[in-house]
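A short worksheet on the structure shown next.
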Amino acid sequence: MPKRAKYIVVDFNDLVSVPFIESKFVESPDEILNAFSRAIKEILQERFPEYARKIEHDIRARIANFPAERSLRQINSEVITKMTSVSGMVVRASEVKPLAKELTYKCLDKHTSQFTLLDGMSLDKAVKCQSPK
């Protein structure tokens, strides 16, 4: 029976032994990580079908020993879509709350009024219905 894990750790040193996968991983890590996830799902389907159905959308591959390590201060737009390793210690964690960029209100007389957000939570127009006249 599985240990209730939702991920498998893949050592980057094992990827280096297959040059095609290593180069593809450096260029487009999402593609390789998705392929790993699909492979893990297939194996789980064969061995533990009920458990595989239960965690179907949560299965992931994690990469260990990735050489490109950066500090949090070194993370910038250059590393978007690239694989990188971040060193550090989590001292506090909080829930990530989505912030609306645009709000649409529907007035009682069925026409819509649209307001966009500026900085933070302040609206650029008053929140009241505007007649379509």
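Labels for the structure tokens follow display order: chains A, B, ..., residues from 1 in each chain, ligands from 1.
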Name the residues in contact with segment 73-88 of chain A at a cut-off of 10 Å, using only C-alpha atoms, excluding same-chain residues fewer than 5 positions from it; report them as a PDB file with C-alpha atoms, in the first residue's frame.
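Final output, saved to result-v7.pdb:
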ATOM      1  CA  PHE A  25      14.540  20.063 -18.586  1.00  0.00           C
ATOM      2  CA  VAL A  26      16.762  23.160 -18.542  1.00  0.00           C
ATOM      3  CA  GLU A  27      14.903  24.660 -21.554  1.00  0.00           C
ATOM      4  CA  SER A  28      11.317  23.832 -20.570  1.00  0.00           C
ATOM      5  CA  PRO A  29      10.998  22.290 -17.094  1.00  0.00           C
ATOM      6  CA  ASP A  30       7.175  22.326 -17.105  1.00  0.00           C
ATOM      7  CA  ILE A  63      13.542  17.587  -8.253  1.00  0.00           C
ATOM      8  CA  ALA A  64      16.381  17.199  -5.740  1.00  0.00           C
ATOM      9  CA  ASN A  65      19.998  18.360  -6.073  1.00  0.00           C
ATOM     10  CA  PHE A  66      19.330  20.921  -8.798  1.00  0.00           C
ATOM     11  CA  PRO A  67      22.595  22.863  -9.204  1.00  0.00           C
ATOM     12  CA  ALA A  68      21.249  26.358 -10.056  1.00  0.00           C
TER      13      ALA A  68
END
Just the number, please: distance in Å from atom CA of Val18 of chain A to atom CA of Lys6 of chain A, one decimal. 25.1 Å
Between atom CA of Val90 of chain A and atom CA of Leu72 of chain A, what is the spacing in Å?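 Straight-line distance from atom CA of Leu72 of chain A to atom CA of Val90 of chain A works out to 11.3 Å.
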Pick from A:Asn34, A:Leu108, A:Ala100, A:Leu15: nearest to Arg60 of chain A, with only C-alpha atoms counted?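 Closest residue, counting only C-alpha atoms: A:Asn34.
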Between atom CA of Glu31 of chain A and atom CA of Leu44 of chain A, measure the distance and give it in Å to one decimal. 20.1 Å
Please list as a count of residues only every residue within 12 Å of Ala5 of chain A, counting only C-alpha atoms and excluding residues in the same chain fewer than 6 positions away. 12
